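Engineer: Starting off with a structure, shown below.
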Amino acid sequence: MPRLAIAKSFLTGYASLEKTVRKSVDEAIDRFEHHTFAGLHLEKLHGAEDPNVRTIRIDGGRRGVVLKPESGDVYCLIAVMEHDAAIKYAKSRKFSVNQKLGVLEVRDATALAQVRPALDALAEAQPERLFAAYDDGALINLGLDAEVLPIVRLLTSDDHLAALESMLPQPQHLALTGLASGMTPEEVWEEICQLLPDSTPPQAVDTSDLVTAMERSPGDVAFISGPDDLKQMLAHPFELWRVFLHPAQRRLARRDSYNGPVQVTGGAGTGKTVTALHRARHLAERGAPVLVTTFTTTLAETLDRQLDLLIDDPEVRARVEVTNIDKLAYRTVKGAGGHNPKIAGNAEVQALWNIAIAQTAAPFSPAFLQREWEQVILAQDLTGREAYLGCVRRGRGKQLSPAQREKAWAAIARFLALLSETGARTHMQIAADAARILSADAAPRYRHIIVDESQDLYPAQWRILRAAVAAGPDDLFIVGDPHQRIYDHRVSLKSLGINVTGRSHKLKLSYRTTAEILNWAVRLLGVEPVAGLDDAQDSLAGYRSSLHGRRPVVQAFTDRDTELDALVEQVRSWLDAEVEPHAIGIATRFVSGVGKIEQAFAAAGIGTASLAASGSAQECVRVGTMHRMKGLEFRCVAVTGADAEALPAAGALTDKDEDPTAHDHDLQRERCLFFVACTRARDALYVSYTGVPSPFLPHRAV
Ligand SMILES: Nc1ncnc2c1ncn2[C@@H]1O[C@H](COP(=O)(O)OP(=O)(O)OP(=O)(O)O)[C@@H](O)[C@H]1O
């Protein structure tokens, strides 16, 4: 019985077609499914690099490219293109089996042959070779094959290697890039083994067996299990993440069971959320209810929609509940007390701190005391003076003498009394209340919890989660990126009863951002190491993208009005290039700046909507603060007002004299905020400032 498979590249091409053309493709695929395959007219190509590549007619103007290995009875749809482009593509591509990993590879054999004379000439002029330190045996052991080796021997620089990226088989290019970046062959081997579904290389590889290679490459090829499977895939061609998980994502999401809490980190756009969603499905398919939680309502709504797309079976879908962590806290507190807790606003809280400080003559600023309360007292759930005076003030830089602690406690206790008189509670207090309520439950309420955007959860919220789920296998699946921490919480999961030791994993390949944007944006983070949730330092080593596009554009202006005018023009040019308005995101540091941007666009006749707006405002470009960019994604992003005055924002920094450590943390957080905003961009990034540029901006071009 013949089998049908679909390559990721096919779905990408299908997604870019107009609806009417897609119908012709559907009909062609239908012929695959319902007729005997033998009846299909698969055209062989004269002069093709690979005899297994054929084409089929889609409609008058288009053809599909099909890989039909000699044995195995599999038809794999590789691409759909305009007639001439399809023929050119089909003739130039050659499919093979990586001789060490056994995965499917494809190379542009024609382009490699064409580039060869230029490489010969360059090599002649430059005697030093990029891979001179490695003998053939070492390269062969990393999967390099006999056709690629002579080309590798000609390479003289990283740039030449980069230029060959789209021509070389991807696993081989990855191995070479690893070596060129200074990794040892052993490290490279470990890295490329990540391309395998179970990260273990096969004992022996049959390089003629393309079908087994396809089966080992689920990140690139999906076998169709039946008409429903195919229908779902074609109904959501933009949602490649539904079907084609990177092997590293797949291993994490589909693993049978973990012995306890798991942590998945990785740079922006590496598919942490996608992995979390697949894990939710996997656990729900096993029959147990799953809670998926994240930081804000907007992000929770997005996760809900994505789960609707991912999970076809309504029974399985019904087992996955999505809610943001604040809502979970409120619901818990309301459930226990029977009424909605009243929330204290920021202005009210500020005023109460001022009164408490005045009444107790405390020698501290409101910001210092608020941090002391949130990060020491609420974080450790300290309930009285004695506990505070004797506690370890984890993560706080400034030392306090016993007398100073007494003074801080007096002011905080006064603040709490004043707050209590208002009958209102802060978000953090409600979280602490909820954690206490849940801890007192006879049995935990959930069996599995999945946490997205975990880097910004604060300790009381972690205590909620710890208390809400029974400790044991598959209790918590935690995804986040410490480099995107934009709120003021330093957390040690271990101290909160969540031990991820030995179960911490990292994703490295960005699916969102181009290499050009990613490399530029990483420099915004500076060189200071970033603390992870597992008491270790987190690094972005190996964080990369195989997508390419234009470099970010940075524009300087002498006055704000001109900067705004230029922003409008930039957005207009994106709109003229047919970027959908809702796929354009504009961010700035302050709420006041958002209003000005909205006015400028209103005057230009371009509609705007908030960054959090749902899919309904399709005709509006999205505008908001950089904080609101968290977790979102746009084709084009503009970050304006990136001046020294705004980034870092003076009001967001603790006075260095009062607490140097807190000051440094605040600075790093401002960097992260800038990084988060910029890494929301898929295709294009535009950054502008007036006057003195932010010191975070890279000085040199990438
Ligand atoms: N395996 C995949 N195939 C295709 N696209 C993918 C894959 N994994 C992720 N993506 C896409 O990459 C983008 C980023 O994915 P996702 O939001 O899961 O990343 P993230 O690591 O959670 O990002 P961030 O930390 O910046 O919020 C999304 O558009 C997603 O659909």
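Identifiers for the structure tokens are assigned positionally: chains receive A, B, ... in sequence, residues are indexed from 1 per chain, and ligands are indexed from 1 in the order shown.
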Just asking: which residues within segment 313-433 of chain A are helix (DSSP H, G or I) according to DSSP, as a PyMOL selection string?

Structural biologist: chain A and resi 314-318+325-337+346-360+366-378+385-390+402-422+427-433

Engineer: Quick one: residues within 7 Å of Tyr511 of chain A, only C-alpha atoms, excluding same-chain residues fewer than 3 positions away - as a PyMOL selection string?

Structural biologist: chain A and resi 269-271+545

Engineer: What are the nearest atom pairs, with distances in Å to one decimal, for all residues of segment 114-194 of chain A that come at most 8 Å from segment 80-101 of chain A, using only C-alpha atoms, set out by chain and rising residue number as a Markdown table?

Structural biologist:
| residue | atom | partner | partner_atom | distance |
| --- | --- | --- | --- | --- |
| A:Asn141 | CA | A:Lys100 | CA | 6.9 |
| A:Leu142 | CA | A:Lys100 | CA | 6.8 |
| A:Gly143 | CA | A:Lys100 | CA | 4.9 |
| A:Leu144 | CA | A:Gln99 | CA | 7.8 |
| A:Asp145 | CA | A:Gln99 | CA | 7.2 |
| A:Pro171 | CA | A:Asn98 | CA | 7.7 |
| A:Cys193 | CA | A:Leu101 | CA | 7.1 |

Engineer: Which residues are close to segment 453-460 of chain A, i.e. within 6 Å by only C-alpha atoms, leaving aside same-chain residues fewer than 2 positions away? Reply as a PyMOL selection string.

Structural biologist: chain A and resi 294+379+431-432+451+462-463+479-482+485+487+489

Engineer: With N, CA and C atoms kept, could you save the residues just selected as an mmCIF file, in the first residue's frame?

Structural biologist:
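This went into result.cif:
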data_model
loop_
_atom_site.group_PDB
_atom_site.id
_atom_site.type_symbol
_atom_site.label_atom_id
_atom_site.label_comp_id
_atom_site.auth_asym_id
_atom_site.auth_seq_id
_atom_site.Cartn_x
_atom_site.Cartn_y
_atom_site.Cartn_z
ATOM 1 N N THR A 294 0.062 30.897 32.266
ATOM 2 C CA THR A 294 1.077 31.846 31.827
ATOM 3 C C THR A 294 0.876 33.151 32.576
ATOM 4 N N ALA A 379 7.807 36.746 49.388
ATOM 5 C CA ALA A 379 8.461 35.650 48.662
ATOM 6 C C ALA A 379 8.647 34.435 49.564
ATOM 7 N N ALA A 431 -1.890 36.400 45.541
ATOM 8 C CA ALA A 431 -1.171 35.170 45.179
ATOM 9 C C ALA A 431 -0.731 34.430 46.450
ATOM 10 N N ALA A 432 -0.227 35.189 47.426
ATOM 11 C CA ALA A 432 0.224 34.548 48.670
ATOM 12 C C ALA A 432 -0.971 33.906 49.388
ATOM 13 N N VAL A 451 3.728 25.589 32.470
ATOM 14 C CA VAL A 451 3.889 27.024 32.733
ATOM 15 C C VAL A 451 4.664 27.680 31.603
ATOM 16 N N TRP A 462 4.765 30.865 42.273
ATOM 17 C CA TRP A 462 5.339 29.509 42.212
ATOM 18 C C TRP A 462 4.782 28.653 43.336
ATOM 19 N N ARG A 463 4.573 29.308 44.497
ATOM 20 C CA ARG A 463 4.016 28.517 45.613
ATOM 21 C C ARG A 463 2.604 28.043 45.284
ATOM 22 N N VAL A 479 8.426 26.379 30.977
ATOM 23 C CA VAL A 479 9.206 26.952 29.886
ATOM 24 C C VAL A 479 9.365 28.460 30.059
ATOM 25 N N GLY A 480 10.529 28.964 29.696
ATOM 26 C CA GLY A 480 10.786 30.397 29.844
ATOM 27 C C GLY A 480 12.192 30.740 29.417
ATOM 28 N N ASP A 481 12.484 32.021 29.409
ATOM 29 C CA ASP A 481 13.803 32.496 28.999
ATOM 30 C C ASP A 481 14.245 33.584 29.975
ATOM 31 N N PRO A 482 15.240 33.285 30.818
ATOM 32 C CA PRO A 482 15.686 34.295 31.782
ATOM 33 C C PRO A 482 16.152 35.587 31.110
ATOM 34 N N ARG A 485 13.426 38.315 31.136
ATOM 35 C CA ARG A 485 12.812 38.667 32.420
ATOM 36 C C ARG A 485 12.626 40.182 32.456
ATOM 37 N N TYR A 487 10.219 41.701 34.683
ATOM 38 C CA TYR A 487 9.675 42.147 35.972
ATOM 39 C C TYR A 487 10.685 41.801 37.054
ATOM 40 N N HIS A 489 11.597 39.970 39.637
ATOM 41 C CA HIS A 489 11.542 38.821 40.531
ATOM 42 C C HIS A 489 12.729 37.926 40.277
#

Engineer: Step by step, measure atom-to-atom distances between ligand 1 and each residue using only C-alpha atoms and all ligand atoms, keep those at most 6 Å, then write them as an NGL selection string.

Structural biologist: :A and (240-241 or 244-246 or 268-274 or 511-512 or 631)

Engineer: I want to know what sits within 6 Å of Asn324 of chain A, based on only C-alpha atoms, with residues of the same chain fewer than 2 positions away left out; could you give that as a PDB file with C-alpha atoms, in the first residue's frame?

Structural biologist:
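part.pdb was written with the following content:
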ATOM      1  CA  THR A 293      -0.834  28.717  32.721  1.00  0.00           C
ATOM      2  CA  THR A 294       1.077  31.846  31.827  1.00  0.00           C
ATOM      3  CA  PHE A 295       1.644  35.430  32.869  1.00  0.00           C
ATOM      4  CA  THR A 296      -1.170  37.541  31.384  1.00  0.00           C
ATOM      5  CA  THR A 297      -4.719  37.170  30.137  1.00  0.00           C
ATOM      6  CA  ALA A 300      -3.495  32.834  28.002  1.00  0.00           C
ATOM      7  CA  ASP A 326      -3.461  35.871  38.430  1.00  0.00           C
ATOM      8  CA  LYS A 327      -6.849  34.493  37.469  1.00  0.00           C
TER       9      LYS A 327
END

Engineer: What's around segment 149-160 of chain A at 9 Å? Count only C-alpha atoms, leave out sequence neighbours fewer than 6 positions away in its own chain, and write the answer as a list of chain:residue names.

Structural biologist: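 Using only C-alpha atoms, the neighbours found are A:Leu112, A:Arg116, A:Leu119, A:Asp120, A:Leu122, A:Ala123, A:Glu124, A:Gln126, A:Pro127, A:Glu128, A:Arg129, A:Leu130, A:Phe131, A:Ala132, A:Asp136, A:Leu139, A:Ile140, A:Leu176, A:Thr177, A:Ala180, A:Ser181.
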
Engineer: For the selection just defined, write its residues with N, CA and C atoms to a file, as an mmCIF file, in the first residue's frame.

Structural biologist:
data_model
loop_
_atom_site.group_PDB
_atom_site.id
_atom_site.type_symbol
_atom_site.label_atom_id
_atom_site.label_comp_id
_atom_site.auth_asym_id
_atom_site.auth_seq_id
_atom_site.Cartn_x
_atom_site.Cartn_y
_atom_site.Cartn_z
ATOM 1 N N LEU A 112 25.749 24.146 -6.181
ATOM 2 C CA LEU A 112 27.082 23.791 -5.664
ATOM 3 C C LEU A 112 28.076 23.638 -6.808
ATOM 4 N N ARG A 116 31.416 26.297 -7.627
ATOM 5 C CA ARG A 116 32.722 25.647 -7.492
ATOM 6 C C ARG A 116 33.880 26.442 -8.126
ATOM 7 N N LEU A 119 34.889 29.268 -5.968
ATOM 8 C CA LEU A 119 35.579 28.812 -4.751
ATOM 9 C C LEU A 119 37.014 28.394 -5.063
ATOM 10 N N ASP A 120 37.179 27.738 -6.223
ATOM 11 C CA ASP A 120 38.541 27.349 -6.643
ATOM 12 C C ASP A 120 39.433 28.573 -6.745
ATOM 13 N N LEU A 122 39.051 31.570 -5.379
ATOM 14 C CA LEU A 122 39.295 32.198 -4.077
ATOM 15 C C LEU A 122 40.332 31.418 -3.285
ATOM 16 N N ALA A 123 40.219 30.091 -3.374
ATOM 17 C CA ALA A 123 41.132 29.247 -2.608
ATOM 18 C C ALA A 123 42.562 29.380 -3.125
ATOM 19 N N GLU A 124 42.669 29.559 -4.419
ATOM 20 C CA GLU A 124 44.004 29.695 -4.997
ATOM 21 C C GLU A 124 44.702 30.945 -4.466
ATOM 22 N N GLN A 126 44.206 32.305 -1.629
ATOM 23 C CA GLN A 126 44.322 32.324 -0.163
ATOM 24 C C GLN A 126 44.727 30.924 0.315
ATOM 25 N N PRO A 127 45.979 30.739 0.668
ATOM 26 C CA PRO A 127 46.429 29.375 1.005
ATOM 27 C C PRO A 127 45.816 28.822 2.294
ATOM 28 N N GLU A 128 45.399 29.695 3.207
ATOM 29 C CA GLU A 128 44.871 29.175 4.483
ATOM 30 C C GLU A 128 43.449 28.675 4.312
ATOM 31 N N ARG A 129 43.187 27.525 4.917
ATOM 32 C CA ARG A 129 41.857 26.929 4.766
ATOM 33 C C ARG A 129 41.129 26.888 6.112
ATOM 34 N N LEU A 130 39.813 27.088 6.037
ATOM 35 C CA LEU A 130 38.997 27.171 7.250
ATOM 36 C C LEU A 130 39.050 25.877 8.060
ATOM 37 N N PHE A 131 39.074 24.733 7.380
ATOM 38 C CA PHE A 131 38.996 23.457 8.107
ATOM 39 C C PHE A 131 40.306 22.658 8.030
ATOM 40 N N ALA A 132 41.431 23.390 7.867
ATOM 41 C CA ALA A 132 42.724 22.714 7.733
ATOM 42 C C ALA A 132 43.041 21.853 8.956
ATOM 43 N N ASP A 136 40.204 14.405 6.872
ATOM 44 C CA ASP A 136 38.971 13.911 6.257
ATOM 45 C C ASP A 136 38.197 12.987 7.193
ATOM 46 N N LEU A 139 36.055 14.785 9.595
ATOM 47 C CA LEU A 139 34.871 15.379 8.969
ATOM 48 C C LEU A 139 33.858 14.299 8.582
ATOM 49 N N ILE A 140 34.371 13.183 8.079
ATOM 50 C CA ILE A 140 33.467 12.078 7.701
ATOM 51 C C ILE A 140 32.719 11.571 8.940
ATOM 52 N N LEU A 176 29.649 21.835 10.126
ATOM 53 C CA LEU A 176 30.748 22.727 9.738
ATOM 54 C C LEU A 176 30.685 24.044 10.504
ATOM 55 N N THR A 177 29.482 24.573 10.675
ATOM 56 C CA THR A 177 29.342 25.834 11.404
ATOM 57 C C THR A 177 29.805 25.661 12.845
ATOM 58 N N ALA A 180 33.552 25.604 12.836
ATOM 59 C CA ALA A 180 34.077 26.947 12.532
ATOM 60 C C ALA A 180 33.913 27.886 13.720
ATOM 61 N N SER A 181 32.905 27.614 14.569
ATOM 62 C CA SER A 181 32.701 28.510 15.715
ATOM 63 C C SER A 181 33.574 28.117 16.902
#

Engineer: Under the rule of at most 8 Å, produce a per-residue listing of segment 388-462 of chain A near segment 329-353 of chain A: chain, number, name, the closest pair of atoms, and the distance in Å, as JSON lines, using only C-alpha atoms.

Structural biologist:
{"residue": "A:Phe415", "atom": "CA", "partner": "A:Trp353", "partner_atom": "CA", "distance": 5.9}
{"residue": "A:Leu418", "atom": "CA", "partner": "A:Leu352", "partner_atom": "CA", "distance": 6.7}
{"residue": "A:Leu419", "atom": "CA", "partner": "A:Leu352", "partner_atom": "CA", "distance": 7.0}
{"residue": "A:Gly423", "atom": "CA", "partner": "A:Lys342", "partner_atom": "CA", "distance": 6.9}
{"residue": "A:Ala424", "atom": "CA", "partner": "A:Lys342", "partner_atom": "CA", "distance": 4.7}
{"residue": "A:Arg425", "atom": "CA", "partner": "A:Ile343", "partner_atom": "CA", "distance": 5.1}
{"residue": "A:Thr426", "atom": "CA", "partner": "A:Ala344", "partner_atom": "CA", "distance": 5.2}
{"residue": "A:His427", "atom": "CA", "partner": "A:Ile343", "partner_atom": "CA", "distance": 6.9}
{"residue": "A:Ile430", "atom": "CA", "partner": "A:Ala329", "partner_atom": "CA", "distance": 6.4}
{"residue": "A:Ala431", "atom": "CA", "partner": "A:Ala329", "partner_atom": "CA", "distance": 5.3}
{"residue": "A:Asp433", "atom": "CA", "partner": "A:Val333", "partner_atom": "CA", "distance": 6.8}
{"residue": "A:Ala434", "atom": "CA", "partner": "A:Ala329", "partner_atom": "CA", "distance": 5.2}
{"residue": "A:Ala435", "atom": "CA", "partner": "A:Ala329", "partner_atom": "CA", "distance": 7.8}
{"residue": "A:Ile437", "atom": "CA", "partner": "A:Thr332", "partner_atom": "CA", "distance": 7.4}
{"residue": "A:Leu438", "atom": "CA", "partner": "A:Thr332", "partner_atom": "CA", "distance": 7.6}

Engineer: Write out the residues from the selection above, keeping N, CA and C atoms, as an mmCIF file, in the first residue's frame.

Structural biologist:
data_model
loop_
_atom_site.group_PDB
_atom_site.id
_atom_site.type_symbol
_atom_site.label_atom_id
_atom_site.label_comp_id
_atom_site.auth_asym_id
_atom_site.auth_seq_id
_atom_site.Cartn_x
_atom_site.Cartn_y
_atom_site.Cartn_z
ATOM 1 N N PHE A 415 2.585 49.979 56.795
ATOM 2 C CA PHE A 415 1.992 49.964 55.444
ATOM 3 C C PHE A 415 0.893 48.892 55.362
ATOM 4 N N LEU A 418 -2.210 49.973 57.120
ATOM 5 C CA LEU A 418 -2.945 50.993 56.345
ATOM 6 C C LEU A 418 -3.678 50.338 55.167
ATOM 7 N N LEU A 419 -2.971 49.417 54.516
ATOM 8 C CA LEU A 419 -3.567 48.739 53.359
ATOM 9 C C LEU A 419 -4.790 47.930 53.800
ATOM 10 N N GLY A 423 -9.287 47.687 52.907
ATOM 11 C CA GLY A 423 -10.013 46.476 52.493
ATOM 12 C C GLY A 423 -9.492 45.903 51.178
ATOM 13 N N ALA A 424 -8.443 46.527 50.608
ATOM 14 C CA ALA A 424 -7.920 46.039 49.319
ATOM 15 C C ALA A 424 -6.650 45.217 49.537
ATOM 16 N N ARG A 425 -6.290 44.419 48.544
ATOM 17 C CA ARG A 425 -5.074 43.594 48.560
ATOM 18 C C ARG A 425 -4.314 43.830 47.251
ATOM 19 N N THR A 426 -3.001 43.693 47.298
ATOM 20 C CA THR A 426 -2.238 43.787 46.040
ATOM 21 C C THR A 426 -2.281 42.411 45.348
ATOM 22 N N HIS A 427 -1.894 42.427 44.066
ATOM 23 C CA HIS A 427 -1.867 41.161 43.315
ATOM 24 C C HIS A 427 -1.007 40.130 44.042
ATOM 25 N N ILE A 430 -2.658 38.595 47.012
ATOM 26 C CA ILE A 430 -3.686 37.615 46.624
ATOM 27 C C ILE A 430 -3.025 36.296 46.233
ATOM 28 N N ALA A 431 -1.890 36.400 45.541
ATOM 29 C CA ALA A 431 -1.171 35.170 45.179
ATOM 30 C C ALA A 431 -0.731 34.430 46.450
ATOM 31 N N ASP A 433 -2.108 34.609 49.384
ATOM 32 C CA ASP A 433 -3.313 34.042 50.015
ATOM 33 C C ASP A 433 -3.697 32.740 49.314
ATOM 34 N N ALA A 434 -3.671 32.792 47.965
ATOM 35 C CA ALA A 434 -4.078 31.609 47.189
ATOM 36 C C ALA A 434 -3.146 30.438 47.482
ATOM 37 N N ALA A 435 -1.857 30.732 47.582
ATOM 38 C CA ALA A 435 -0.896 29.651 47.846
ATOM 39 C C ALA A 435 -1.199 29.002 49.197
ATOM 40 N N ILE A 437 -4.100 28.905 50.728
ATOM 41 C CA ILE A 437 -5.368 28.146 50.623
ATOM 42 C C ILE A 437 -5.108 26.794 49.965
ATOM 43 N N LEU A 438 -4.338 26.836 48.870
ATOM 44 C CA LEU A 438 -4.093 25.583 48.134
ATOM 45 C C LEU A 438 -3.245 24.606 48.951
#
